[in-house]
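Raw contents of structure-v8.csv, CSV, N, CA and C atoms and all ligand atoms:
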```csv
chain,number,residue,atom,x,y,z
A,1,MET,N,-2.7,17.5,6.2
A,1,MET,CA,-3.7,16.5,5.8
A,1,MET,C,-3.4,15.1,6.5
A,2,PHE,N,-2.2,14.7,6.4
A,2,PHE,CA,-1.9,13.3,6.9
A,2,PHE,C,-1.7,13.2,8.4
A,3,HIS,N,-1.4,14.3,9.1
A,3,HIS,CA,-1.2,14.3,10.5
A,3,HIS,C,-2.5,14.0,11.2
A,4,ARG,N,-3.6,14.2,10.6
A,4,ARG,CA,-4.9,13.8,11.3
A,4,ARG,C,-5.5,12.5,10.8
A,5,SER,N,-4.7,11.8,10.0
A,5,SER,CA,-5.1,10.4,9.6
A,5,SER,C,-4.5,9.4,10.5
A,6,LEU,N,-5.1,8.2,10.5
A,6,LEU,CA,-4.5,7.1,11.4
A,6,LEU,C,-3.1,6.8,11.0
A,7,VAL,N,-2.8,6.8,9.7
A,7,VAL,CA,-1.5,6.4,9.2
A,7,VAL,C,-0.5,7.6,9.5
A,8,GLY,N,-0.9,8.8,9.3
A,8,GLY,CA,0.0,9.9,9.6
A,8,GLY,C,0.2,10.1,11.1
A,9,SER,N,-0.8,10.1,11.9
A,9,SER,CA,-0.7,10.3,13.3
A,9,SER,C,0.1,9.2,14.0
A,10,SER,N,0.1,8.0,13.5
A,10,SER,CA,0.9,7.0,14.1
A,10,SER,C,2.2,6.7,13.4
A,11,ASN,N,2.7,7.7,12.7
A,11,ASN,CA,4.0,7.7,12.1
A,11,ASN,C,4.2,6.5,11.2
A,12,GLN,N,3.3,6.2,10.4
A,12,GLN,CA,3.4,5.0,9.5
A,12,GLN,C,3.5,5.4,8.0
A,13,VAL,N,3.6,6.7,7.7
A,13,VAL,CA,3.7,7.1,6.3
A,13,VAL,C,4.9,6.5,5.7
A,14,TRP,N,6.0,6.4,6.5
A,14,TRP,CA,7.2,5.8,5.9
A,14,TRP,C,7.0,4.4,5.5
A,15,LYS,N,6.2,3.6,6.2
A,15,LYS,CA,5.9,2.2,5.9
A,15,LYS,C,5.2,2.2,4.5
A,16,LEU,N,4.2,3.1,4.4
A,16,LEU,CA,3.4,3.1,3.2
A,16,LEU,C,4.3,3.5,2.0
A,17,CYS,N,5.2,4.5,2.2
A,17,CYS,CA,6.1,5.0,1.2
A,17,CYS,C,7.1,3.8,0.8
A,18,LEU,N,7.6,3.1,1.8
A,18,LEU,CA,8.5,2.0,1.5
A,18,LEU,C,7.8,0.9,0.7
A,19,SER,N,6.6,0.6,1.1
A,19,SER,CA,5.8,-0.4,0.4
A,19,SER,C,5.6,0.0,-1.1
A,20,LEU,N,5.1,1.2,-1.3
A,20,LEU,CA,4.8,1.6,-2.6
A,20,LEU,C,6.1,1.8,-3.5
A,21,SER,N,7.2,2.2,-2.8
A,21,SER,CA,8.4,2.3,-3.5
A,21,SER,C,8.9,1.0,-4.1
A,22,LEU,N,8.8,-0.1,-3.2
A,22,LEU,CA,9.1,-1.4,-3.6
A,22,LEU,C,8.3,-1.9,-4.8
A,23,VAL,N,7.0,-1.6,-4.7
A,23,VAL,CA,6.1,-2.0,-5.8
A,23,VAL,C,6.5,-1.3,-7.1
A,24,PHE,N,6.7,0.0,-7.1
A,24,PHE,CA,7.1,0.7,-8.3
A,24,PHE,C,8.5,0.3,-8.7
A,25,LEU,N,9.4,0.1,-7.8
A,25,LEU,CA,10.7,-0.4,-8.2
A,25,LEU,C,10.7,-1.7,-8.8
A,26,GLY,N,9.8,-2.6,-8.4
A,26,GLY,CA,9.7,-3.9,-9.0
A,26,GLY,C,9.1,-3.9,-10.4
A,27,ALA,N,8.4,-2.8,-10.7
A,27,ALA,CA,7.8,-2.7,-12.1
A,27,ALA,C,8.9,-2.4,-13.1
A,28,VAL,N,10.0,-1.8,-12.7
A,28,VAL,CA,11.1,-1.4,-13.6
A,28,VAL,C,11.7,-2.6,-14.3
A,29,PRO,N,12.1,-3.7,-13.6
A,29,PRO,CA,12.7,-4.8,-14.3
A,29,PRO,C,11.6,-5.5,-15.2
A,30,LEU,N,10.4,-5.5,-14.8
A,30,LEU,CA,9.3,-6.1,-15.6
A,30,LEU,C,9.2,-5.3,-16.9
A,31,VAL,N,9.2,-4.0,-16.9
A,31,VAL,CA,9.1,-3.2,-18.1
A,31,VAL,C,10.3,-3.5,-18.9
A,32,LEU,N,11.5,-3.5,-18.3
A,32,LEU,CA,12.8,-3.7,-19.1
A,32,LEU,C,12.7,-5.1,-19.7
A,33,ALA,N,12.2,-6.1,-19.0
A,33,ALA,CA,12.1,-7.4,-19.6
A,33,ALA,C,11.2,-7.4,-20.8
A,34,PHE,N,10.0,-6.8,-20.7
A,34,PHE,CA,9.1,-6.8,-21.8
A,34,PHE,C,9.5,-5.9,-23.0
A,35,VAL,N,10.2,-4.8,-22.7
A,35,VAL,CA,10.7,-4.0,-23.8
A,35,VAL,C,11.8,-4.7,-24.6
A,36,ASN,N,12.7,-5.4,-23.9
A,36,ASN,CA,13.8,-6.0,-24.5
A,36,ASN,C,13.6,-7.5,-24.7
A,37,ILE,N,12.5,-8.0,-24.8
A,37,ILE,CA,12.2,-9.4,-24.8
A,37,ILE,C,12.9,-10.1,-25.9
A,38,GLU,N,13.1,-9.5,-27.0
A,38,GLU,CA,13.8,-10.1,-28.2
A,38,GLU,C,15.3,-10.3,-28.0
A,39,GLN,N,15.9,-9.3,-27.2
A,39,GLN,CA,17.4,-9.4,-27.0
A,39,GLN,C,17.8,-10.2,-25.8
A,40,LEU,N,16.9,-10.5,-24.9
A,40,LEU,CA,17.3,-11.2,-23.7
A,40,LEU,C,17.4,-12.7,-23.8
A,41,THR,N,18.3,-13.2,-23.1
A,41,THR,CA,18.4,-14.7,-23.1
A,41,THR,C,17.2,-15.1,-22.1
A,42,PRO,N,16.8,-16.4,-22.2
A,42,PRO,CA,15.7,-16.8,-21.3
A,42,PRO,C,16.1,-16.7,-19.8
A,43,GLU,N,17.4,-16.9,-19.5
A,43,GLU,CA,17.8,-16.8,-18.1
A,43,GLU,C,17.7,-15.3,-17.6
A,44,LYS,N,18.2,-14.4,-18.5
A,44,LYS,CA,18.1,-13.0,-18.1
A,44,LYS,C,16.7,-12.5,-18.0
A,45,GLY,N,15.9,-12.9,-18.9
A,45,GLY,CA,14.4,-12.6,-18.9
A,45,GLY,C,13.8,-13.1,-17.7
A,46,PHE,N,14.1,-14.3,-17.3
A,46,PHE,CA,13.5,-14.9,-16.1
A,46,PHE,C,13.9,-14.2,-14.9
A,47,LEU,N,15.2,-13.8,-14.8
A,47,LEU,CA,15.7,-13.1,-13.6
A,47,LEU,C,15.0,-11.7,-13.5
A,48,LEU,N,14.9,-11.0,-14.6
A,48,LEU,CA,14.2,-9.7,-14.6
A,48,LEU,C,12.8,-9.8,-14.1
A,49,VAL,N,12.1,-10.8,-14.7
A,49,VAL,CA,10.6,-11.0,-14.4
A,49,VAL,C,10.5,-11.4,-12.9
A,50,PHE,N,11.3,-12.4,-12.6
A,50,PHE,CA,11.2,-13.0,-11.2
A,50,PHE,C,11.6,-11.9,-10.2
A,51,GLY,N,12.7,-11.2,-10.5
A,51,GLY,CA,13.2,-10.1,-9.6
A,51,GLY,C,12.1,-9.0,-9.4
A,52,GLY,N,11.5,-8.6,-10.5
A,52,GLY,CA,10.5,-7.6,-10.5
A,52,GLY,C,9.3,-8.0,-9.7
A,53,LEU,N,8.8,-9.3,-9.9
A,53,LEU,CA,7.7,-9.8,-9.2
A,53,LEU,C,8.0,-10.0,-7.7
A,54,PHE,N,9.2,-10.4,-7.4
A,54,PHE,CA,9.6,-10.5,-6.0
A,54,PHE,C,9.6,-9.2,-5.3
A,55,LEU,N,10.1,-8.1,-5.9
A,55,LEU,CA,10.1,-6.8,-5.3
A,55,LEU,C,8.7,-6.3,-5.1
A,56,MET,N,7.9,-6.5,-6.1
A,56,MET,CA,6.5,-6.0,-6.0
A,56,MET,C,5.7,-6.8,-4.9
A,57,GLY,N,5.9,-8.1,-4.9
A,57,GLY,CA,5.2,-8.9,-3.9
A,57,GLY,C,5.7,-8.6,-2.5
A,58,THR,N,7.0,-8.4,-2.3
A,58,THR,CA,7.6,-8.0,-1.0
A,58,THR,C,7.0,-6.7,-0.6
A,59,GLY,N,7.0,-5.7,-1.5
A,59,GLY,CA,6.4,-4.4,-1.1
A,59,GLY,C,5.0,-4.5,-0.7
A,60,LEU,N,4.2,-5.2,-1.5
A,60,LEU,CA,2.8,-5.3,-1.2
A,60,LEU,C,2.6,-6.0,0.2
A,61,LEU,N,3.3,-7.1,0.3
A,61,LEU,CA,3.2,-7.9,1.6
A,61,LEU,C,3.6,-7.1,2.8
A,62,ALA,N,4.7,-6.4,2.7
A,62,ALA,CA,5.2,-5.6,3.8
A,62,ALA,C,4.2,-4.5,4.1
A,63,GLY,N,3.7,-3.8,3.1
A,63,GLY,CA,2.7,-2.8,3.4
A,63,GLY,C,1.4,-3.3,4.0
A,64,THR,N,0.9,-4.4,3.6
A,64,THR,CA,-0.3,-4.9,4.1
A,64,THR,C,-0.1,-5.5,5.5
A,65,LEU,N,1.1,-5.9,5.9
A,65,LEU,CA,1.3,-6.4,7.2
A,65,LEU,C,1.8,-5.3,8.2
A,66,LEU,N,2.4,-4.3,7.7
A,66,LEU,CA,3.0,-3.3,8.6
A,66,LEU,C,2.2,-2.0,8.8
A,67,VAL,N,1.3,-1.6,7.9
A,67,VAL,CA,0.5,-0.4,8.1
A,67,VAL,C,-0.8,-0.9,8.8
A,68,LYS,N,-0.8,-0.6,10.1
A,68,LYS,CA,-1.8,-1.1,11.0
A,68,LYS,C,-2.4,0.0,11.9
A,69,CYS,N,-3.6,-0.3,12.4
A,69,CYS,CA,-4.3,0.5,13.4
A,69,CYS,C,-3.4,0.5,14.6
A,70,PRO,N,-3.1,1.7,15.2
A,70,PRO,CA,-2.3,1.7,16.4
A,70,PRO,C,-3.0,1.2,17.6
A,71,ASN,N,-4.3,1.0,17.6
A,71,ASN,CA,-5.0,0.5,18.7
A,71,ASN,C,-5.2,-1.0,18.6
A,72,CYS,N,-5.8,-1.5,17.5
A,72,CYS,CA,-6.2,-2.9,17.5
A,72,CYS,C,-5.3,-3.7,16.5
A,73,GLY,N,-4.5,-3.1,15.7
A,73,GLY,CA,-3.6,-3.8,14.8
A,73,GLY,C,-4.3,-4.2,13.5
A,74,ALA,N,-5.4,-3.7,13.2
A,74,ALA,CA,-6.1,-4.0,11.9
A,74,ALA,C,-5.2,-3.5,10.8
A,75,LYS,N,-5.1,-4.3,9.7
A,75,LYS,CA,-4.2,-4.0,8.6
A,75,LYS,C,-4.9,-3.0,7.7
A,76,LEU,N,-4.5,-1.8,7.8
A,76,LEU,CA,-5.3,-0.7,7.1
A,76,LEU,C,-5.0,-0.7,5.6
A,77,LEU,N,-3.8,-1.0,5.2
A,77,LEU,CA,-3.5,-1.0,3.7
A,77,LEU,C,-4.3,-2.1,3.1
A,78,TRP,N,-4.4,-3.2,3.8
A,78,TRP,CA,-5.2,-4.4,3.2
A,78,TRP,C,-6.7,-4.0,3.2
A,79,LYS,N,-7.2,-3.3,4.2
A,79,LYS,CA,-8.6,-2.8,4.2
A,79,LYS,C,-8.8,-1.9,3.0
A,80,ALA,N,-7.8,-1.0,2.8
A,80,ALA,CA,-8.0,0.0,1.7
A,80,ALA,C,-8.0,-0.8,0.3
A,81,LEU,N,-7.1,-1.7,0.2
A,81,LEU,CA,-7.0,-2.4,-1.1
A,81,LEU,C,-8.2,-3.3,-1.4
A,82,SER,N,-8.7,-3.9,-0.3
A,82,SER,CA,-9.7,-4.9,-0.5
A,82,SER,C,-11.1,-4.4,-0.5
A,83,ALA,N,-11.3,-3.3,0.2
A,83,ALA,CA,-12.7,-2.8,0.4
A,83,ALA,C,-13.0,-1.5,-0.2
A,84,ALA,N,-12.0,-0.6,-0.3
A,84,ALA,CA,-12.3,0.7,-0.8
A,84,ALA,C,-12.4,0.6,-2.3
A,85,PRO,N,-13.1,1.6,-3.0
A,85,PRO,CA,-13.2,1.6,-4.4
A,85,PRO,C,-11.8,1.7,-5.0
A,86,ALA,N,-11.5,1.0,-6.1
A,86,ALA,CA,-10.2,0.9,-6.7
A,86,ALA,C,-9.6,2.3,-7.0
A,87,SER,N,-10.4,3.2,-7.4
A,87,SER,CA,-9.9,4.5,-7.8
A,87,SER,C,-9.7,5.4,-6.6
A,88,ARG,N,-10.1,5.0,-5.4
A,88,ARG,CA,-10.0,5.9,-4.3
A,88,ARG,C,-9.3,5.3,-3.0
A,89,TRP,N,-8.7,4.1,-3.2
A,89,TRP,CA,-8.2,3.4,-2.0
A,89,TRP,C,-7.0,4.2,-1.4
A,90,PHE,N,-6.2,4.9,-2.2
A,90,PHE,CA,-5.1,5.7,-1.6
A,90,PHE,C,-5.6,6.9,-0.8
A,91,THR,N,-6.5,7.6,-1.4
A,91,THR,CA,-7.1,8.7,-0.7
A,91,THR,C,-7.8,8.3,0.6
A,92,TRP,N,-8.6,7.2,0.4
A,92,TRP,CA,-9.3,6.6,1.6
A,92,TRP,C,-8.3,6.3,2.7
A,93,LEU,N,-7.2,5.7,2.4
A,93,LEU,CA,-6.2,5.3,3.4
A,93,LEU,C,-5.6,6.5,4.0
A,94,LEU,N,-5.2,7.5,3.2
A,94,LEU,CA,-4.5,8.7,3.8
A,94,LEU,C,-5.4,9.6,4.5
A,95,THR,N,-6.7,9.6,4.3
A,95,THR,CA,-7.6,10.4,5.0
A,95,THR,C,-8.4,9.7,6.1
A,96,LEU,N,-8.2,8.5,6.3
A,96,LEU,CA,-8.9,7.7,7.3
A,96,LEU,C,-8.4,8.1,8.7
A,97,SER,N,-9.4,8.6,9.5
A,97,SER,CA,-9.0,9.0,10.9
A,97,SER,C,-9.7,8.2,11.9
A,98,THR,N,-10.6,7.3,11.5
A,98,THR,CA,-11.2,6.4,12.5
A,98,THR,C,-11.0,4.9,12.0
A,99,CYS,N,-10.6,4.1,12.9
A,99,CYS,CA,-10.3,2.7,12.5
A,99,CYS,C,-11.7,2.0,12.1
A,100,PRO,N,-11.8,1.4,10.9
A,100,PRO,CA,-13.0,0.8,10.6
A,100,PRO,C,-13.3,-0.5,11.3
A,101,VAL,N,-12.4,-1.0,12.1
A,101,VAL,CA,-12.5,-2.2,12.9
A,101,VAL,C,-12.9,-1.9,14.3
A,102,CYS,N,-12.1,-1.1,15.0
A,102,CYS,CA,-12.3,-0.9,16.4
A,102,CYS,C,-12.9,0.5,16.7
A,103,GLY,N,-12.9,1.4,15.8
A,103,GLY,CA,-13.5,2.7,16.0
A,103,GLY,C,-12.5,3.7,16.6
A,104,TYR,N,-11.3,3.3,16.8
A,104,TYR,CA,-10.3,4.2,17.4
A,104,TYR,C,-10.2,5.4,16.5
A,105,ASN,N,-10.2,6.6,17.2
A,105,ASN,CA,-10.2,7.8,16.5
A,105,ASN,C,-8.9,8.6,16.8
A,106,VAL,N,-8.4,9.2,15.8
A,106,VAL,CA,-7.2,10.0,16.0
A,106,VAL,C,-7.5,11.1,17.0
A,107,PRO,N,-6.6,11.3,18.0
A,107,PRO,CA,-6.9,12.4,18.9
A,107,PRO,C,-6.9,13.8,18.2
A,108,GLY,N,-8.0,14.5,18.4
A,108,GLY,CA,-8.2,15.8,17.7
A,108,GLY,C,-8.7,15.7,16.3
A,109,GLY,N,-8.9,14.5,15.8
A,109,GLY,CA,-9.3,14.3,14.4
A,109,GLY,C,-10.9,14.2,14.4
A,110,ARG,N,-11.4,14.5,13.3
A,110,ARG,CA,-12.9,14.3,13.2
A,110,ARG,C,-13.1,12.9,12.6
A,111,GLN,N,-14.3,12.4,12.9
A,111,GLN,CA,-14.7,11.0,12.5
A,111,GLN,C,-14.7,10.9,11.0
A,112,HIS,N,-13.9,10.0,10.5
A,112,HIS,CA,-13.9,9.7,9.0
A,112,HIS,C,-13.6,8.3,8.8
A,113,HIS,N,-14.6,7.6,8.4
A,113,HIS,CA,-14.5,6.1,8.2
A,113,HIS,C,-14.1,5.8,6.8
A,114,GLY,N,-14.0,6.8,5.9
A,114,GLY,CA,-13.7,6.5,4.5
A,114,GLY,C,-14.7,7.2,3.7
A,115,LEU,N,-14.7,6.9,2.4
A,115,LEU,CA,-15.5,7.6,1.4
A,115,LEU,C,-16.8,6.8,1.3
A,116,ASP,N,-17.6,6.8,2.3
A,116,ASP,CA,-18.9,6.1,2.3
A,116,ASP,C,-18.7,4.7,1.9
A,117,VAL,N,-17.7,4.1,2.4
A,117,VAL,CA,-17.4,2.7,2.0
A,117,VAL,C,-17.8,1.8,3.1
A,118,GLU,N,-18.6,0.8,2.9
A,118,GLU,CA,-19.0,-0.2,3.9
A,118,GLU,C,-17.9,-1.2,4.0
A,119,LEU,N,-17.3,-1.3,5.3
A,119,LEU,CA,-16.3,-2.2,5.5
A,119,LEU,C,-16.7,-3.3,6.5
B,201,ZN,ZN,-8.4,-0.4,15.2
```
Once you've parsed the file, please lay out its structure as structure tokens.
Ligand SMILES: [Zn+2]
Amino acid sequence: MFHRSLVGSSNQVWKLCLSLSLVFLGAVPLVLAFVNIEQLTPEKGFLLVFGGLFLMGTGLLAGTLLVKCPNCGAKLLWKALSAAPASRWFTWLLTLSTCPVCGYNVPGGRQHHGLDVEL
């Protein structure tokens, strides 16, 4: 499925996985902070919340900057997050075989601009 997508054919799945891993990893300290909010000192609570938000922000920023069209450099994760329907952005990104900016098509792939999303 992924080898015919822009992300898969240009070997960028690891970037997407790294980005999403950082976002989910950043959620762990946030959950810990909110679950243990009564037992935490303000300093520890701040560190957990700040650390979690930092990891999530870093993951999101890295993904939006690094997952790009191999031809024109359009930021595909950003396109997916900002323009695709919220419930389908991940599927849209993983099945995208034609760049919505330059029209670059994956060699051997069929034209797929997304799930009827106007970009
Ligand atoms: Zn492009």
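Note that the spacing between CA of Leu18 (chain A) and atom N of Glu43 (chain A) amounts to 29.6 Å.
Using only C-alpha atoms and all ligand atoms, we find that the residues with an atom at most 7 Å from any atom of ligand ZN 201 (chain B) are Cys69, Pro70, Asn71, Cys72, Gly73, Ala74, Cys99, Pro100, Val101, Cys102, Gly103 and Tyr104 of chain A.
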* Spatial neighbours of Val67 (chain A), 6.5 Å, only N, CA and C atoms, chain gap at least 5 places, as a list in words -> Gln12, Lys15, Leu16, Ala62, Ala74, Lys75, Leu76 and Leu77 of chain A
Export, as a short mmCIF file (atom, residue, chain, number, x, y, z; two decimals), keeping the file's coordinate frame, the selected residues with N, CA and C atoms.
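Result written to part-v7.cif:
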```cif
data_model
loop_
_atom_site.label_atom_id
_atom_site.label_comp_id
_atom_site.auth_asym_id
_atom_site.auth_seq_id
_atom_site.Cartn_x
_atom_site.Cartn_y
_atom_site.Cartn_z
N GLN A 12 3.30 6.20 10.40
CA GLN A 12 3.40 5.00 9.50
C GLN A 12 3.50 5.40 8.00
N LYS A 15 6.20 3.60 6.20
CA LYS A 15 5.90 2.20 5.90
C LYS A 15 5.20 2.20 4.50
N LEU A 16 4.20 3.10 4.40
CA LEU A 16 3.40 3.10 3.20
C LEU A 16 4.30 3.50 2.00
N ALA A 62 4.70 -6.40 2.70
CA ALA A 62 5.20 -5.60 3.80
C ALA A 62 4.20 -4.50 4.10
N ALA A 74 -5.40 -3.70 13.20
CA ALA A 74 -6.10 -4.00 11.90
C ALA A 74 -5.20 -3.50 10.80
N LYS A 75 -5.10 -4.30 9.70
CA LYS A 75 -4.20 -4.00 8.60
C LYS A 75 -4.90 -3.00 7.70
N LEU A 76 -4.50 -1.80 7.80
CA LEU A 76 -5.30 -0.70 7.10
C LEU A 76 -5.00 -0.70 5.60
N LEU A 77 -3.80 -1.00 5.20
CA LEU A 77 -3.50 -1.00 3.70
C LEU A 77 -4.30 -2.10 3.10
#
```
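If you look at CA of Thr91 (chain A) and CA of Gly52 (chain A), they are 25.9 Å away from each other.
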* To do: Go ahead and find all residues with at least one atom no further than 10 Å from (-0.1, -5.9, -1.9) in the file's coordinates, using only C-alpha atoms; report them as number ranges by chain.
  => A: 19-20, 23, 56-65, 77-78, 81-82
* **Every residue of chain A that DSSP places in helix (DSSP H, G or I), as a PyMOL selection string** => chain A and resi 2-4+6-9+13-35+42-66+76-83+89-95
* To do: Please measure the separation of CA of Ala83 (chain A) and atom C of Leu53 (chain A), giving the value in Å to one decimal.
  => 23.4 Å
* **Distance query region 8-10 of chain A at most 10 Å, only C-alpha atoms, self and fewer than 3 positions along chain excluded, as a VMD selection string** => chain A and resid 1 to 5 13 to 14 16 67 to 71 93 to 97 106 to 107 109
Output N, CA and C atoms for every residue in that selection, as a tab-separated table (two decimals), in the frame of the given file.
```
chain	number	residue	atom	x	y	z
A	1	MET	N	-2.70	17.50	6.20
A	1	MET	CA	-3.70	16.50	5.80
A	1	MET	C	-3.40	15.10	6.50
A	2	PHE	N	-2.20	14.70	6.40
A	2	PHE	CA	-1.90	13.30	6.90
A	2	PHE	C	-1.70	13.20	8.40
A	3	HIS	N	-1.40	14.30	9.10
A	3	HIS	CA	-1.20	14.30	10.50
A	3	HIS	C	-2.50	14.00	11.20
A	4	ARG	N	-3.60	14.20	10.60
A	4	ARG	CA	-4.90	13.80	11.30
A	4	ARG	C	-5.50	12.50	10.80
A	5	SER	N	-4.70	11.80	10.00
A	5	SER	CA	-5.10	10.40	9.60
A	5	SER	C	-4.50	9.40	10.50
A	13	VAL	N	3.60	6.70	7.70
A	13	VAL	CA	3.70	7.10	6.30
A	13	VAL	C	4.90	6.50	5.70
A	14	TRP	N	6.00	6.40	6.50
A	14	TRP	CA	7.20	5.80	5.90
A	14	TRP	C	7.00	4.40	5.50
A	16	LEU	N	4.20	3.10	4.40
A	16	LEU	CA	3.40	3.10	3.20
A	16	LEU	C	4.30	3.50	2.00
A	67	VAL	N	1.30	-1.60	7.90
A	67	VAL	CA	0.50	-0.40	8.10
A	67	VAL	C	-0.80	-0.90	8.80
A	68	LYS	N	-0.80	-0.60	10.10
A	68	LYS	CA	-1.80	-1.10	11.00
A	68	LYS	C	-2.40	0.00	11.90
A	69	CYS	N	-3.60	-0.30	12.40
A	69	CYS	CA	-4.30	0.50	13.40
A	69	CYS	C	-3.40	0.50	14.60
A	70	PRO	N	-3.10	1.70	15.20
A	70	PRO	CA	-2.30	1.70	16.40
A	70	PRO	C	-3.00	1.20	17.60
A	71	ASN	N	-4.30	1.00	17.60
A	71	ASN	CA	-5.00	0.50	18.70
A	71	ASN	C	-5.20	-1.00	18.60
A	93	LEU	N	-7.20	5.70	2.40
A	93	LEU	CA	-6.20	5.30	3.40
A	93	LEU	C	-5.60	6.50	4.00
A	94	LEU	N	-5.20	7.50	3.20
A	94	LEU	CA	-4.50	8.70	3.80
A	94	LEU	C	-5.40	9.60	4.50
A	95	THR	N	-6.70	9.60	4.30
A	95	THR	CA	-7.60	10.40	5.00
A	95	THR	C	-8.40	9.70	6.10
A	96	LEU	N	-8.20	8.50	6.30
A	96	LEU	CA	-8.90	7.70	7.30
A	96	LEU	C	-8.40	8.10	8.70
A	97	SER	N	-9.40	8.60	9.50
A	97	SER	CA	-9.00	9.00	10.90
A	97	SER	C	-9.70	8.20	11.90
A	106	VAL	N	-8.40	9.20	15.80
A	106	VAL	CA	-7.20	10.00	16.00
A	106	VAL	C	-7.50	11.10	17.00
A	107	PRO	N	-6.60	11.30	18.00
A	107	PRO	CA	-6.90	12.40	18.90
A	107	PRO	C	-6.90	13.80	18.20
A	109	GLY	N	-8.90	14.50	15.80
A	109	GLY	CA	-9.30	14.30	14.40
A	109	GLY	C	-10.90	14.20	14.40
```
* In chain A, DSSP strand (DSSP E or B) residues written as a PyMOL selection string -> chain A and resi 68+75+98+105
